[in-house]
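Pasting my_file-v3.pdb here (PDB, C-alpha atoms):
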```pdb
ATOM      1  CA  MET A  28     125.240 129.854  57.905
ATOM      2  CA  THR A  29     126.221 133.115  59.546
ATOM      3  CA  ARG A  30     125.416 134.103  63.083
ATOM      4  CA  SER A  31     123.164 136.911  61.965
ATOM      5  CA  SER A  32     120.890 134.375  60.220
ATOM      6  CA  LEU A  33     120.734 131.990  63.165
ATOM      7  CA  PRO A  34     117.246 131.299  64.571
ATOM      8  CA  SER A  35     118.657 130.203  67.923
ATOM      9  CA  ASN A  36     115.501 128.674  69.376
ATOM     10  CA  ALA A  37     114.907 126.590  66.264
ATOM     11  CA  ALA A  38     118.532 125.465  66.112
ATOM     12  CA  ARG A  39     118.323 124.289  69.710
ATOM     13  CA  ARG A  40     115.632 121.748  68.776
ATOM     14  CA  PHE A  41     118.537 119.364  68.247
ATOM     15  CA  SER A  42     122.080 119.822  69.470
ATOM     16  CA  VAL A  43     125.255 117.803  69.896
ATOM     17  CA  ALA A  44     126.524 117.853  73.468
ATOM     18  CA  PRO A  45     129.813 119.417  74.516
ATOM     19  CA  MET A  46     132.151 116.526  75.346
ATOM     20  CA  MET A  47     135.638 116.853  76.786
ATOM     21  CA  ASP A  48     138.391 115.530  74.498
ATOM     22  CA  TRP A  49     135.827 114.809  71.797
ATOM     23  CA  THR A  50     134.048 117.897  70.434
ATOM     24  CA  ASP A  51     137.151 119.764  69.340
ATOM     25  CA  ARG A  52     137.160 121.942  66.225
ATOM     26  CA  HIS A  53     137.922 119.008  63.892
ATOM     27  CA  CYS A  54     134.990 117.053  65.287
ATOM     28  CA  ARG A  55     132.694 120.027  64.954
ATOM     29  CA  TYR A  56     133.660 120.641  61.330
ATOM     30  CA  PHE A  57     132.999 117.000  60.514
ATOM     31  CA  HIS A  58     129.656 116.993  62.321
ATOM     32  CA  ARG A  59     128.611 120.086  60.405
ATOM     33  CA  LEU A  60     129.041 118.140  57.167
ATOM     34  CA  LEU A  61     126.470 115.660  58.472
ATOM     35  CA  THR A  62     123.855 118.183  59.608
ATOM     36  CA  ARG A  63     123.400 121.806  58.620
ATOM     37  CA  ARG A  64     120.888 122.582  61.336
ATOM     38  CA  ALA A  65     122.000 121.013  64.629
ATOM     39  CA  LEU A  66     123.555 123.335  67.181
ATOM     40  CA  ILE A  67     127.070 122.147  68.053
ATOM     41  CA  TYR A  68     129.143 122.956  71.124
ATOM     42  CA  THR A  69     132.789 123.354  71.985
ATOM     43  CA  GLU A  70     134.401 121.347  74.723
ATOM     44  CA  MET A  71     134.212 123.086  78.084
ATOM     45  CA  ILE A  72     136.894 125.781  78.334
ATOM     46  CA  THR A  73     137.633 127.343  81.704
ATOM     47  CA  THR A  74     137.605 131.065  82.266
ATOM     48  CA  ALA A  75     141.207 130.910  83.517
ATOM     49  CA  ALA A  76     142.334 129.263  80.291
ATOM     50  CA  ILE A  77     140.666 131.951  78.182
ATOM     51  CA  LEU A  78     141.852 134.873  80.276
ATOM     52  CA  HIS A  79     145.446 133.675  80.552
ATOM     53  CA  GLY A  80     145.952 131.147  77.744
ATOM     54  CA  ASP A  81     146.307 130.942  73.983
ATOM     55  CA  ARG A  82     142.938 132.151  72.747
ATOM     56  CA  VAL A  83     143.669 131.374  69.116
ATOM     57  CA  ARG A  84     144.315 127.733  69.959
ATOM     58  CA  LEU A  85     141.509 127.437  72.499
ATOM     59  CA  LEU A  86     138.770 129.329  70.711
ATOM     60  CA  GLY A  87     139.584 129.020  67.026
ATOM     61  CA  TYR A  88     136.878 127.554  64.807
ATOM     62  CA  ASP A  89     135.937 127.383  61.156
ATOM     63  CA  PRO A  90     133.106 129.671  59.971
ATOM     64  CA  ALA A  91     131.419 126.586  58.511
ATOM     65  CA  GLU A  92     130.684 125.410  62.056
ATOM     66  CA  HIS A  93     127.845 127.900  62.604
ATOM     67  CA  PRO A  94     125.620 127.578  64.546
ATOM     68  CA  VAL A  95     128.234 126.861  67.228
ATOM     69  CA  ALA A  96     128.126 127.537  70.965
ATOM     70  CA  LEU A  97     131.006 128.147  73.361
ATOM     71  CA  GLN A  98     130.797 126.273  76.664
ATOM     72  CA  LEU A  99     132.504 127.918  79.634
ATOM     73  CA  GLY A 100     133.555 126.524  82.993
ATOM     74  CA  GLY A 101     133.792 128.900  85.915
ATOM     75  CA  CYS A 102     131.964 130.452  88.842
ATOM     76  CA  ASP A 103     133.124 134.068  89.006
ATOM     77  CA  PRO A 104     130.522 136.373  87.444
ATOM     78  CA  ARG A 105     133.076 138.974  86.382
ATOM     79  CA  ALA A 106     135.403 136.432  84.744
ATOM     80  CA  LEU A 107     132.488 134.703  83.022
ATOM     81  CA  ALA A 108     131.207 138.021  81.708
ATOM     82  CA  GLU A 109     134.623 138.837  80.263
ATOM     83  CA  CYS A 110     134.950 135.408  78.649
ATOM     84  CA  ALA A 111     131.416 135.618  77.277
ATOM     85  CA  ARG A 112     132.371 138.939  75.699
ATOM     86  CA  VAL A 113     135.453 137.341  74.148
ATOM     87  CA  GLY A 114     133.345 134.528  72.727
ATOM     88  CA  ALA A 115     130.732 136.904  71.345
ATOM     89  CA  ASP A 116     133.411 139.075  69.742
ATOM     90  CA  LEU A 117     134.827 135.979  68.048
ATOM     91  CA  GLY A 118     131.419 135.246  66.551
ATOM     92  CA  TYR A 119     130.115 132.362  68.652
ATOM     93  CA  ASP A 120     126.345 131.992  68.468
ATOM     94  CA  GLU A 121     125.716 131.132  72.119
ATOM     95  CA  ILE A 122     127.531 131.101  75.451
ATOM     96  CA  ASN A 123     126.816 128.105  77.679
ATOM     97  CA  LEU A 124     127.794 127.662  81.322
ATOM     98  CA  ASN A 125     128.706 124.148  82.478
ATOM     99  CA  VAL A 126     126.961 123.240  85.729
ATOM    100  CA  GLY A 127     126.883 119.524  85.023
ATOM    101  CA  CYS A 128     130.408 118.111  84.804
ATOM    102  CA  PRO A 129     131.200 115.868  87.824
ATOM    103  CA  SER A 130     134.978 115.412  87.439
ATOM    104  CA  ASP A 131     137.312 115.859  90.417
ATOM    105  CA  ARG A 132     139.315 118.524  88.597
ATOM    106  CA  VAL A 133     136.174 120.513  87.954
ATOM    107  CA  GLN A 134     135.092 120.254  91.588
ATOM    108  CA  GLU A 135     138.503 121.420  92.787
ATOM    109  CA  GLY A 136     138.127 124.482  90.576
ATOM    110  CA  ARG A 137     134.625 125.132  91.947
ATOM    111  CA  PHE A 138     132.798 124.795  88.694
ATOM    112  CA  GLY A 139     130.694 122.157  86.996
ATOM    113  CA  ALA A 140     128.051 120.097  88.793
ATOM    114  CA  CYS A 141     129.071 121.130  92.309
ATOM    115  CA  LEU A 142     127.617 124.567  91.531
ATOM    116  CA  MET A 143     124.114 123.112  91.587
ATOM    117  CA  ALA A 144     124.429 123.632  95.351
ATOM    118  CA  GLU A 145     124.756 127.393  94.717
ATOM    119  CA  PRO A 146     121.798 128.433  92.550
ATOM    120  CA  ALA A 147     121.969 132.077  93.615
ATOM    121  CA  LEU A 148     125.588 132.276  92.466
ATOM    122  CA  ILE A 149     124.697 130.762  89.088
ATOM    123  CA  GLY A 150     121.909 133.281  88.776
ATOM    124  CA  ASP A 151     124.477 136.034  89.327
ATOM    125  CA  CYS A 152     126.766 134.437  86.723
ATOM    126  CA  VAL A 153     123.989 134.311  84.145
ATOM    127  CA  ALA A 154     122.978 137.894  84.852
ATOM    128  CA  ALA A 155     126.563 139.076  84.429
ATOM    129  CA  MET A 156     126.976 137.273  81.111
ATOM    130  CA  LYS A 157     123.603 138.496  79.853
ATOM    131  CA  ALA A 158     124.661 142.060  80.633
ATOM    132  CA  ALA A 159     127.916 141.571  78.741
ATOM    133  CA  VAL A 160     126.682 140.062  75.459
ATOM    134  CA  ALA A 161     123.758 140.246  73.065
ATOM    135  CA  ILE A 162     123.870 136.567  72.064
ATOM    136  CA  PRO A 163     121.988 133.819  73.957
ATOM    137  CA  VAL A 164     123.337 132.679  77.329
ATOM    138  CA  THR A 165     122.384 129.172  78.423
ATOM    139  CA  VAL A 166     123.170 126.778  81.279
ATOM    140  CA  LYS A 167     123.724 123.024  81.223
ATOM    141  CA  CYS A 168     123.000 121.225  84.509
ATOM    142  CA  ARG A 169     121.954 117.934  86.130
ATOM    143  CA  ILE A 170     118.651 117.225  87.892
ATOM    144  CA  GLY A 171     120.558 117.355  91.177
ATOM    145  CA  ILE A 172     123.701 116.277  92.985
ATOM    146  CA  ASP A 173     124.391 113.806  95.773
ATOM    147  CA  GLU A 174     121.621 113.833  98.396
ATOM    148  CA  GLN A 175     119.638 116.667  96.831
ATOM    149  CA  ASP A 176     115.944 116.023  96.172
ATOM    150  CA  PRO A 177     115.637 116.549  92.399
ATOM    151  CA  GLU A 178     112.113 117.905  92.755
ATOM    152  CA  LEU A 179     113.222 120.734  95.015
ATOM    153  CA  SER A 180     116.771 121.300  93.801
ATOM    154  CA  LEU A 181     115.990 121.477  90.088
ATOM    155  CA  ASP A 182     113.029 123.807  90.558
ATOM    156  CA  THR A 183     115.114 126.075  92.801
ATOM    157  CA  PHE A 184     117.965 126.068  90.314
ATOM    158  CA  ALA A 185     115.663 126.704  87.350
ATOM    159  CA  GLY A 186     113.988 129.547  89.197
ATOM    160  CA  ALA A 187     117.329 131.222  89.838
ATOM    161  CA  VAL A 188     118.496 131.127  86.234
ATOM    162  CA  GLU A 189     115.069 131.994  84.870
ATOM    163  CA  ALA A 190     115.021 135.098  87.074
ATOM    164  CA  ALA A 191     118.376 136.017  85.527
ATOM    165  CA  HIS A 192     116.762 135.720  82.065
ATOM    166  CA  VAL A 193     118.690 132.663  80.912
ATOM    167  CA  ASP A 194     117.859 131.815  77.304
ATOM    168  CA  ALA A 195     117.645 128.060  77.853
ATOM    169  CA  LEU A 196     118.317 125.412  80.477
ATOM    170  CA  ILE A 197     119.809 122.172  79.175
ATOM    171  CA  VAL A 198     119.168 119.393  81.668
ATOM    172  CA  HIS A 199     121.097 116.129  81.800
ATOM    173  CA  ALA A 200     118.310 113.963  83.162
ATOM    174  CA  ARG A 201     120.272 112.196  85.902
ATOM    175  CA  LYS A 202     121.873 113.125  89.175
ATOM    176  CA  ALA A 203     125.592 113.652  89.522
ATOM    177  CA  TRP A 204     127.090 111.818  92.469
ATOM    178  CA  LEU A 205     130.178 113.812  93.344
ATOM    179  CA  LYS A 206     131.067 111.517  96.223
ATOM    180  CA  GLY A 207     131.589 107.864  95.465
ATOM    181  CA  LEU A 208     131.230 107.718  91.676
ATOM    182  CA  SER A 209     133.804 108.407  88.978
ATOM    183  CA  PRO A 210     133.016 110.761  86.080
ATOM    184  CA  ARG A 211     132.619 107.703  83.837
ATOM    185  CA  GLU A 212     130.178 106.081  86.274
ATOM    186  CA  ASN A 213     128.264 109.358  86.465
ATOM    187  CA  ARG A 214     127.425 108.960  82.780
ATOM    188  CA  ASP A 215     125.595 105.670  83.354
ATOM    189  CA  VAL A 216     125.011 104.664  86.975
ATOM    190  CA  PRO A 217     122.570 107.313  88.229
ATOM    191  CA  PRO A 218     119.240 106.418  86.601
ATOM    192  CA  LEU A 219     117.787 108.627  83.907
ATOM    193  CA  ASP A 220     114.643 110.511  84.877
ATOM    194  CA  TYR A 221     113.169 112.078  81.760
ATOM    195  CA  ASP A 222     109.859 112.629  83.522
ATOM    196  CA  ARG A 223     111.574 115.027  85.922
ATOM    197  CA  VAL A 224     112.657 117.164  82.975
ATOM    198  CA  PHE A 225     109.171 117.030  81.482
ATOM    199  CA  ARG A 226     107.734 118.214  84.812
ATOM    200  CA  LEU A 227     110.270 121.041  84.867
ATOM    201  CA  LYS A 228     109.082 122.261  81.478
ATOM    202  CA  ALA A 229     105.450 122.022  82.560
ATOM    203  CA  ALA A 230     106.195 124.033  85.702
ATOM    204  CA  HIS A 231     108.232 126.651  83.808
ATOM    205  CA  PRO A 232     106.398 127.021  80.487
ATOM    206  CA  LYS A 233     108.237 130.222  79.515
ATOM    207  CA  LEU A 234     111.669 128.688  80.133
ATOM    208  CA  GLN A 235     113.224 126.970  77.147
ATOM    209  CA  VAL A 236     114.155 123.476  78.337
ATOM    210  CA  VAL A 237     116.427 121.096  76.434
ATOM    211  CA  LEU A 238     116.627 117.414  77.419
ATOM    212  CA  ASN A 239     120.004 115.651  77.547
ATOM    213  CA  GLY A 240     121.172 112.248  78.710
ATOM    214  CA  GLY A 241     121.057 108.790  77.156
ATOM    215  CA  VAL A 242     119.406 109.883  73.913
ATOM    216  CA  ALA A 243     120.275 107.038  71.556
ATOM    217  CA  THR A 244     118.548 107.846  68.265
ATOM    218  CA  VAL A 245     117.289 110.839  66.334
ATOM    219  CA  GLU A 246     113.871 109.202  66.261
ATOM    220  CA  GLN A 247     113.855 109.119  70.066
ATOM    221  CA  ALA A 248     114.873 112.783  70.127
ATOM    222  CA  ALA A 249     111.999 113.676  67.804
ATOM    223  CA  SER A 250     109.543 111.863  70.071
ATOM    224  CA  PHE A 251     110.489 114.128  72.999
ATOM    225  CA  LEU A 252     109.942 117.418  71.197
ATOM    226  CA  GLY A 253     106.298 117.675  72.137
ATOM    227  CA  ARG A 254     107.250 117.831  75.827
ATOM    228  CA  VAL A 255     110.472 119.860  75.770
ATOM    229  CA  ASP A 256     111.836 122.554  73.479
ATOM    230  CA  GLY A 257     114.898 120.679  72.322
ATOM    231  CA  VAL A 258     116.980 117.543  72.682
ATOM    232  CA  MET A 259     120.748 117.218  73.032
ATOM    233  CA  MET A 260     122.507 114.021  71.954
ATOM    234  CA  GLY A 261     125.960 113.167  73.298
ATOM    235  CA  ARG A 262     127.815 109.883  73.023
ATOM    236  CA  ALA A 263     125.509 108.370  70.393
ATOM    237  CA  ALA A 264     126.211 111.315  68.088
ATOM    238  CA  TYR A 265     129.947 110.959  68.563
ATOM    239  CA  GLN A 266     130.330 107.194  68.539
ATOM    240  CA  GLU A 267     127.872 106.705  65.681
ATOM    241  CA  PRO A 268     128.049 109.991  63.743
ATOM    242  CA  TRP A 269     126.024 108.570  60.859
ATOM    243  CA  ARG A 270     122.998 109.225  63.050
ATOM    244  CA  LEU A 271     123.461 112.952  62.516
ATOM    245  CA  MET A 272     122.642 112.547  58.829
ATOM    246  CA  ALA A 273     119.000 112.006  59.822
ATOM    247  CA  VAL A 274     118.725 115.191  61.906
ATOM    248  CA  ASP A 275     117.887 117.706  59.205
ATOM    249  CA  SER A 276     115.074 115.594  57.738
ATOM    250  CA  LEU A 277     113.547 114.191  60.932
ATOM    251  CA  ILE A 278     113.863 117.267  63.152
ATOM    252  CA  PHE A 279     113.848 120.189  60.725
ATOM    253  CA  GLY A 280     112.046 118.822  57.664
ATOM    254  CA  GLU A 281     114.955 119.570  55.348
ATOM    255  CA  ALA A 282     117.189 117.441  53.153
ATOM    256  CA  ALA A 283     120.438 116.124  54.599
ATOM    257  CA  PRO A 284     123.619 117.796  53.308
ATOM    258  CA  PHE A 285     124.737 114.477  51.804
ATOM    259  CA  ALA A 286     122.798 111.353  50.899
ATOM    260  CA  GLN A 287     125.782 109.104  51.533
ATOM    261  CA  ALA A 288     128.300 109.001  54.342
ATOM    262  CA  LYS A 289     131.160 108.542  51.875
ATOM    263  CA  ALA A 290     130.242 111.816  50.203
ATOM    264  CA  ALA A 291     130.444 113.617  53.553
ATOM    265  CA  VAL A 292     133.938 112.245  54.142
ATOM    266  CA  GLN A 293     135.052 113.250  50.658
ATOM    267  CA  ALA A 294     133.691 116.747  51.274
ATOM    268  CA  CYS A 295     135.978 116.942  54.293
ATOM    269  CA  VAL A 296     139.136 116.379  52.237
ATOM    270  CA  PRO A 297     139.860 120.060  51.427
ATOM    271  CA  TYR A 298     139.578 120.877  55.130
ATOM    272  CA  ILE A 299     141.905 118.008  56.011
ATOM    273  CA  GLU A 300     144.467 119.109  53.423
ATOM    274  CA  ARG A 301     144.389 122.631  54.797
ATOM    275  CA  GLU A 302     144.789 121.481  58.389
ATOM    276  CA  LEU A 303     147.641 119.105  57.493
ATOM    277  CA  ALA A 304     149.406 122.001  55.792
ATOM    278  CA  HIS A 305     149.158 123.897  59.090
ATOM    279  CA  GLY A 306     150.734 121.075  61.083
ATOM    280  CA  ALA A 307     147.770 118.960  62.164
ATOM    281  CA  ARG A 308     148.127 115.167  62.254
ATOM    282  CA  LEU A 309     145.715 113.178  60.151
ATOM    283  CA  SER A 310     144.655 111.055  63.115
ATOM    284  CA  SER A 311     143.557 114.140  65.051
ATOM    285  CA  ILE A 312     140.837 114.613  62.427
ATOM    286  CA  THR A 313     139.999 111.077  61.336
ATOM    287  CA  ARG A 314     139.594 109.816  64.908
ATOM    288  CA  HIS A 315     136.200 111.514  64.867
ATOM    289  CA  MET A 316     135.127 109.447  61.844
ATOM    290  CA  LEU A 317     135.782 105.962  63.211
ATOM    291  CA  GLY A 318     132.132 105.146  63.926
ATOM    292  CA  LEU A 319     130.725 106.604  60.713
ATOM    293  CA  PHE A 320     130.192 103.308  58.905
ATOM    294  CA  ARG A 321     129.220 101.129  61.850
ATOM    295  CA  GLY A 322     127.082  98.282  60.534
ATOM    296  CA  VAL A 323     128.168  98.758  56.907
ATOM    297  CA  PRO A 324     130.262  96.014  55.214
ATOM    298  CA  GLY A 325     133.889  97.109  55.330
ATOM    299  CA  ALA A 326     133.508  99.284  58.423
ATOM    300  CA  ARG A 327     135.990  97.237  60.432
ATOM    301  CA  ALA A 328     138.607  97.503  57.688
ATOM    302  CA  PHE A 329     137.927 101.261  57.471
ATOM    303  CA  ARG A 330     138.632 101.638  61.177
ATOM    304  CA  ARG A 331     141.705  99.411  60.993
ATOM    305  CA  VAL A 332     143.326 101.463  58.235
ATOM    306  CA  LEU A 333     142.751 104.696  60.101
ATOM    307  CA  ALA A 334     143.844 103.263  63.444
ATOM    308  CA  THR A 335     147.123 101.919  62.052
ATOM    309  CA  GLU A 336     148.028 104.321  59.238
ATOM    310  CA  ALA A 337     146.541 107.721  60.102
ATOM    311  CA  VAL A 338     148.628 107.911  63.286
ATOM    312  CA  LYS A 339     151.908 107.688  61.384
ATOM    313  CA  PRO A 340     153.959 110.887  60.938
ATOM    314  CA  GLY A 341     153.340 112.421  57.552
ATOM    315  CA  ALA A 342     150.114 110.501  56.904
ATOM    316  CA  GLY A 343     148.036 112.296  54.283
ATOM    317  CA  VAL A 344     144.640 112.172  52.655
ATOM    318  CA  GLU A 345     145.689 109.109  50.654
ATOM    319  CA  VAL A 346     145.303 107.139  53.885
ATOM    320  CA  LEU A 347     141.716 108.306  54.188
ATOM    321  CA  ALA A 348     141.113 107.350  50.562
ATOM    322  CA  GLU A 349     142.502 103.885  51.272
ATOM    323  CA  ALA A 350     140.233 103.553  54.295
ATOM    324  CA  LEU A 351     137.166 104.644  52.305
ATOM    325  CA  ALA A 352     137.975 102.077  49.636
ATOM    326  CA  GLN A 353     137.381  99.344  52.211
ATOM    327  CA  VAL A 354     133.726 100.330  52.649
ATOM    328  CA  MET A 355     131.094  98.830  50.412
ATOM    329  CA  ASP A 356     129.689 101.156  47.776
ATOM    330  CA  SER A 357     125.921 101.267  47.478
ATOM    331  CA  GLU A 358     123.173 103.650  46.532
ATOM    332  CA  ALA A 359     122.205 103.811  50.178
ATOM    333  CA  ASP A 360     125.221 103.263  52.402
ATOM    334  CA  LEU A 361     123.075 104.700  55.181
ATOM    335  CA  ALA A 362     120.864 101.630  55.314
ATOM    336  CA  HIS A 363     122.032 101.072  58.854
ATOM    337  CA  ILE A 364     120.202 104.242  59.889
ATOM    338  CA  ALA A 365     116.920 102.502  59.260
ATOM    339  CA  ALA A 366     118.017  99.308  60.960
TER     340      ALA A 366
END
```

Would you encode the structure as structure tokens?
Amino acid sequence: MTRSSLPSNAARRFSVAPMMDWTDRHCRYFHRLLTRRALIYTEMITTAAILHGDRVRLLGYDPAEHPVALQLGGCDPRALAECARVGADLGYDEINLNVGCPSDRVQEGRFGACLMAEPALIGDCVAAMKAAVAIPVTVKCRIGIDEQDPELSLDTFAGAVEAAHVDALIVHARKAWLKGLSPRENRDVPPLDYDRVFRLKAAHPKLQVVLNGGVATVEQAASFLGRVDGVMMGRAAYQEPWRLMAVDSLIFGEAAPFAQAKAAVQACVPYIERELAHGARLSSITRHMLGLFRGVPGARAFRRVLATEAVKPGAGVEVLAEALAQVMDSEADLAHIAA
């Protein structure tokens, strides 16, 4: 799929969340083999890294990843506009601004969730990026931070980005507690409040709203689509990637790229061989596959082979073949999807 053919609003009906240290380019390529239609995101990349770092390493991606969005971290409108322009020139389908990450490092850099306290600034950031690029510009946020009242804070924030003509607001349906909770705790401890996101959509009918946070199954995602414009799945998509094989049929009414998970892995072999030839380690790619056969006989042996052999220097695709051989063959090795 090329960017010019991308129906961005339709693609955003289901997306895979940007996740630090997880959704790198190898992960994204693998996920694309499981679903043609889901919108996938890069890890958050700071404006400083793009402006002063190795852009080839930071921003490189395979054309097969489309539709793929670039997530930025920053708070300076001029720097964000320049980085958005870089991303658009490289062919990314969407530019997303992170206003949801609660980590200490992010707070120290004045980006991420702490910026929910500065809605006017985020509005300026969105306006600057919109002026710089022709592709969609979106924002990912929380329902509030710390002592903020989510009813007031989220409406104020949404109003600011809507006035700046943001193309979509992706809302992680829980607060971020920047004082007193670790980033890991912020993924689970603050309670989910899906109803708050539904009320946001009802109050801002022209704003495209995507729900994120705790979405465990594709079926659950589909059930939300009558009340929001899209659903973003995070950890469940990464830890149990077999779930993504149901996206195209359940969300988009199309056939999955592969009927069997093994076939998807085998389709990844040419990519793996190419990346190994360019110096990648096998484990840097196969680590994203570890949960693919969860619940299938042989899954534990599959993980064990990859965990012990793929990390060795010089490990090649024969290790992946050995791991696959541990998994039971069947006409429907995706039976666990229906379980």

Using all atoms listed in the file, which residues sit within 8 Å of Ala195 (chain A) once same-chain residues fewer than 4 positions away are excluded, as an MDAnalysis selection string? chainID A and resid 164:166 234:237

Which residues are near Asn36 (chain A)? Cut-off 9 Å, all atoms listed in the file, ignore same chain within fewer than 3 positions. Put them as number ranges by chain. A: 33, 39-40, 194-195, 235, 256-257

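Take CA of Leu61 (chain A) and CA of Trp269 (chain A): the distance between them is 7.5 Å.
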
Min atom-atom distance to Ala106 (chain A) from the set A:Gln247, A:Gln293, A:Thr74, A:Gln287, counting all atoms listed in the file, belongs to A:Thr74

Could you list, as a list in words, every residue within 9 Å of Ala147 (chain A), counting all atoms listed in the file and ignoring same-chain residues fewer than 4 positions away? Asp151, Cys152, Phe184, Ala187 and Val188 of chain A

Would you save the residues of that selection, restricted to C-alpha atoms, as a CSV table (one decimal), keeping the file's coordinate frame?
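Generated file (result15.csv):
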```csv
chain,number,residue,atom,x,y,z
A,151,ASP,CA,124.5,136.0,89.3
A,152,CYS,CA,126.8,134.4,86.7
A,184,PHE,CA,118.0,126.1,90.3
A,187,ALA,CA,117.3,131.2,89.8
A,188,VAL,CA,118.5,131.1,86.2
```

Report, in Å to a single decimal, how far apart CA of Ala263 (chain A) and CA of Val126 (chain A) are.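 Rounded to one decimal, the two atoms are 21.4 Å apart.
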
Excluding same-chain residues fewer than 4 positions from Gln353 (chain A), what lies within 10 Å of it counting all atoms listed in the file, as number ranges by chain? A: 324-332, 348-349

CA of Pro284 (chain A) to CA of Ala243 (chain A): how many Å, to one decimal? 21.4 Å

Compare A:Gly127, A:Pro268, A:Gly280, A:Gly341 by their minimum atom-to-atom distance to Met316 (chain A), counting all atoms listed in the file, and give me the closest one. A:Pro268

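The result of the PyMOL selection byres ((chain A and resi 222) around 12) on the shown file is Ile170, Pro177, Glu178, Val198, His199, Ala200, Arg201, Pro218, Leu219, Asp220, Tyr221, Arg223, Val224, Phe225, Arg226, Leu227, Lys228, Ala229, Leu238, Phe251, Arg254 and Val255 of chain A.
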
Could you write those residues out with C-alpha atoms, as a CSV table (one decimal), keeping the file's coordinate frame?
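And here is the file that came out, result34.csv:
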```csv
chain,number,residue,atom,x,y,z
A,170,ILE,CA,118.7,117.2,87.9
A,177,PRO,CA,115.6,116.5,92.4
A,178,GLU,CA,112.1,117.9,92.8
A,198,VAL,CA,119.2,119.4,81.7
A,199,HIS,CA,121.1,116.1,81.8
A,200,ALA,CA,118.3,114.0,83.2
A,201,ARG,CA,120.3,112.2,85.9
A,218,PRO,CA,119.2,106.4,86.6
A,219,LEU,CA,117.8,108.6,83.9
A,220,ASP,CA,114.6,110.5,84.9
A,221,TYR,CA,113.2,112.1,81.8
A,223,ARG,CA,111.6,115.0,85.9
A,224,VAL,CA,112.7,117.2,83.0
A,225,PHE,CA,109.2,117.0,81.5
A,226,ARG,CA,107.7,118.2,84.8
A,227,LEU,CA,110.3,121.0,84.9
A,228,LYS,CA,109.1,122.3,81.5
A,229,ALA,CA,105.4,122.0,82.6
A,238,LEU,CA,116.6,117.4,77.4
A,251,PHE,CA,110.5,114.1,73.0
A,254,ARG,CA,107.2,117.8,75.8
A,255,VAL,CA,110.5,119.9,75.8
```

Taking (122.5, 127.1, 95.8) in the file's coordinates, which residues come within 12 Å, counting all atoms listed in the file, written as a short mmCIF file (atom, residue, chain, number, x, y, z; two decimals) with C-alpha atoms, keeping the file's coordinate frame?
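Result saved to selection_19.cif:
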```cif
data_model
loop_
_atom_site.label_atom_id
_atom_site.label_comp_id
_atom_site.auth_asym_id
_atom_site.auth_seq_id
_atom_site.Cartn_x
_atom_site.Cartn_y
_atom_site.Cartn_z
CA VAL A 126 126.96 123.24 85.73
CA ALA A 140 128.05 120.10 88.79
CA CYS A 141 129.07 121.13 92.31
CA LEU A 142 127.62 124.57 91.53
CA MET A 143 124.11 123.11 91.59
CA ALA A 144 124.43 123.63 95.35
CA GLU A 145 124.76 127.39 94.72
CA PRO A 146 121.80 128.43 92.55
CA ALA A 147 121.97 132.08 93.62
CA LEU A 148 125.59 132.28 92.47
CA ILE A 149 124.70 130.76 89.09
CA GLY A 150 121.91 133.28 88.78
CA ASP A 151 124.48 136.03 89.33
CA GLY A 171 120.56 117.36 91.18
CA ILE A 172 123.70 116.28 92.98
CA GLN A 175 119.64 116.67 96.83
CA LEU A 179 113.22 120.73 95.02
CA SER A 180 116.77 121.30 93.80
CA LEU A 181 115.99 121.48 90.09
CA ASP A 182 113.03 123.81 90.56
CA THR A 183 115.11 126.08 92.80
CA PHE A 184 117.96 126.07 90.31
CA ALA A 185 115.66 126.70 87.35
CA GLY A 186 113.99 129.55 89.20
CA ALA A 187 117.33 131.22 89.84
CA VAL A 188 118.50 131.13 86.23
#
```

Can you list what the PyMOL selection byres ((chain A and resi 86) around 10) grabs from this structure, as a list of chain:residue names? A:Asp51, A:Arg52, A:Thr69, A:Glu70, A:Ile72, A:Ile77, A:Asp81, A:Arg82, A:Val83, A:Arg84, A:Leu85, A:Gly87, A:Tyr88, A:Leu97, A:Val113, A:Gly114, A:Leu117, A:Tyr119

Write out as a list in words the residues lying within 7 Å of Val43 (chain A), counting all atoms listed in the file and excluding same-chain residues fewer than 5 positions away.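 Near neighbours after the sequence-gap exclusion: Ala65, Leu66, Ile67, Tyr68, Met259, Met260, Gly261 and Ala264 of chain A.
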
Axis-aligned box for all listed atoms of region 296-300 of chain A, 3 Å per side, centre and edges in Å to one decimal, as lines of an AutoDock Vina configuration file:
```
center_x = 141.8
center_y = 118.6
center_z = 53.7
size_x = 11.3
size_y = 10.5
size_z = 10.6
```

Just checking: using only C-alpha atoms, which residue out of A:Asp103, A:Glu267, A:Glu189, A:Glu92 ends up closest to Phe320 (chain A)? A:Glu267
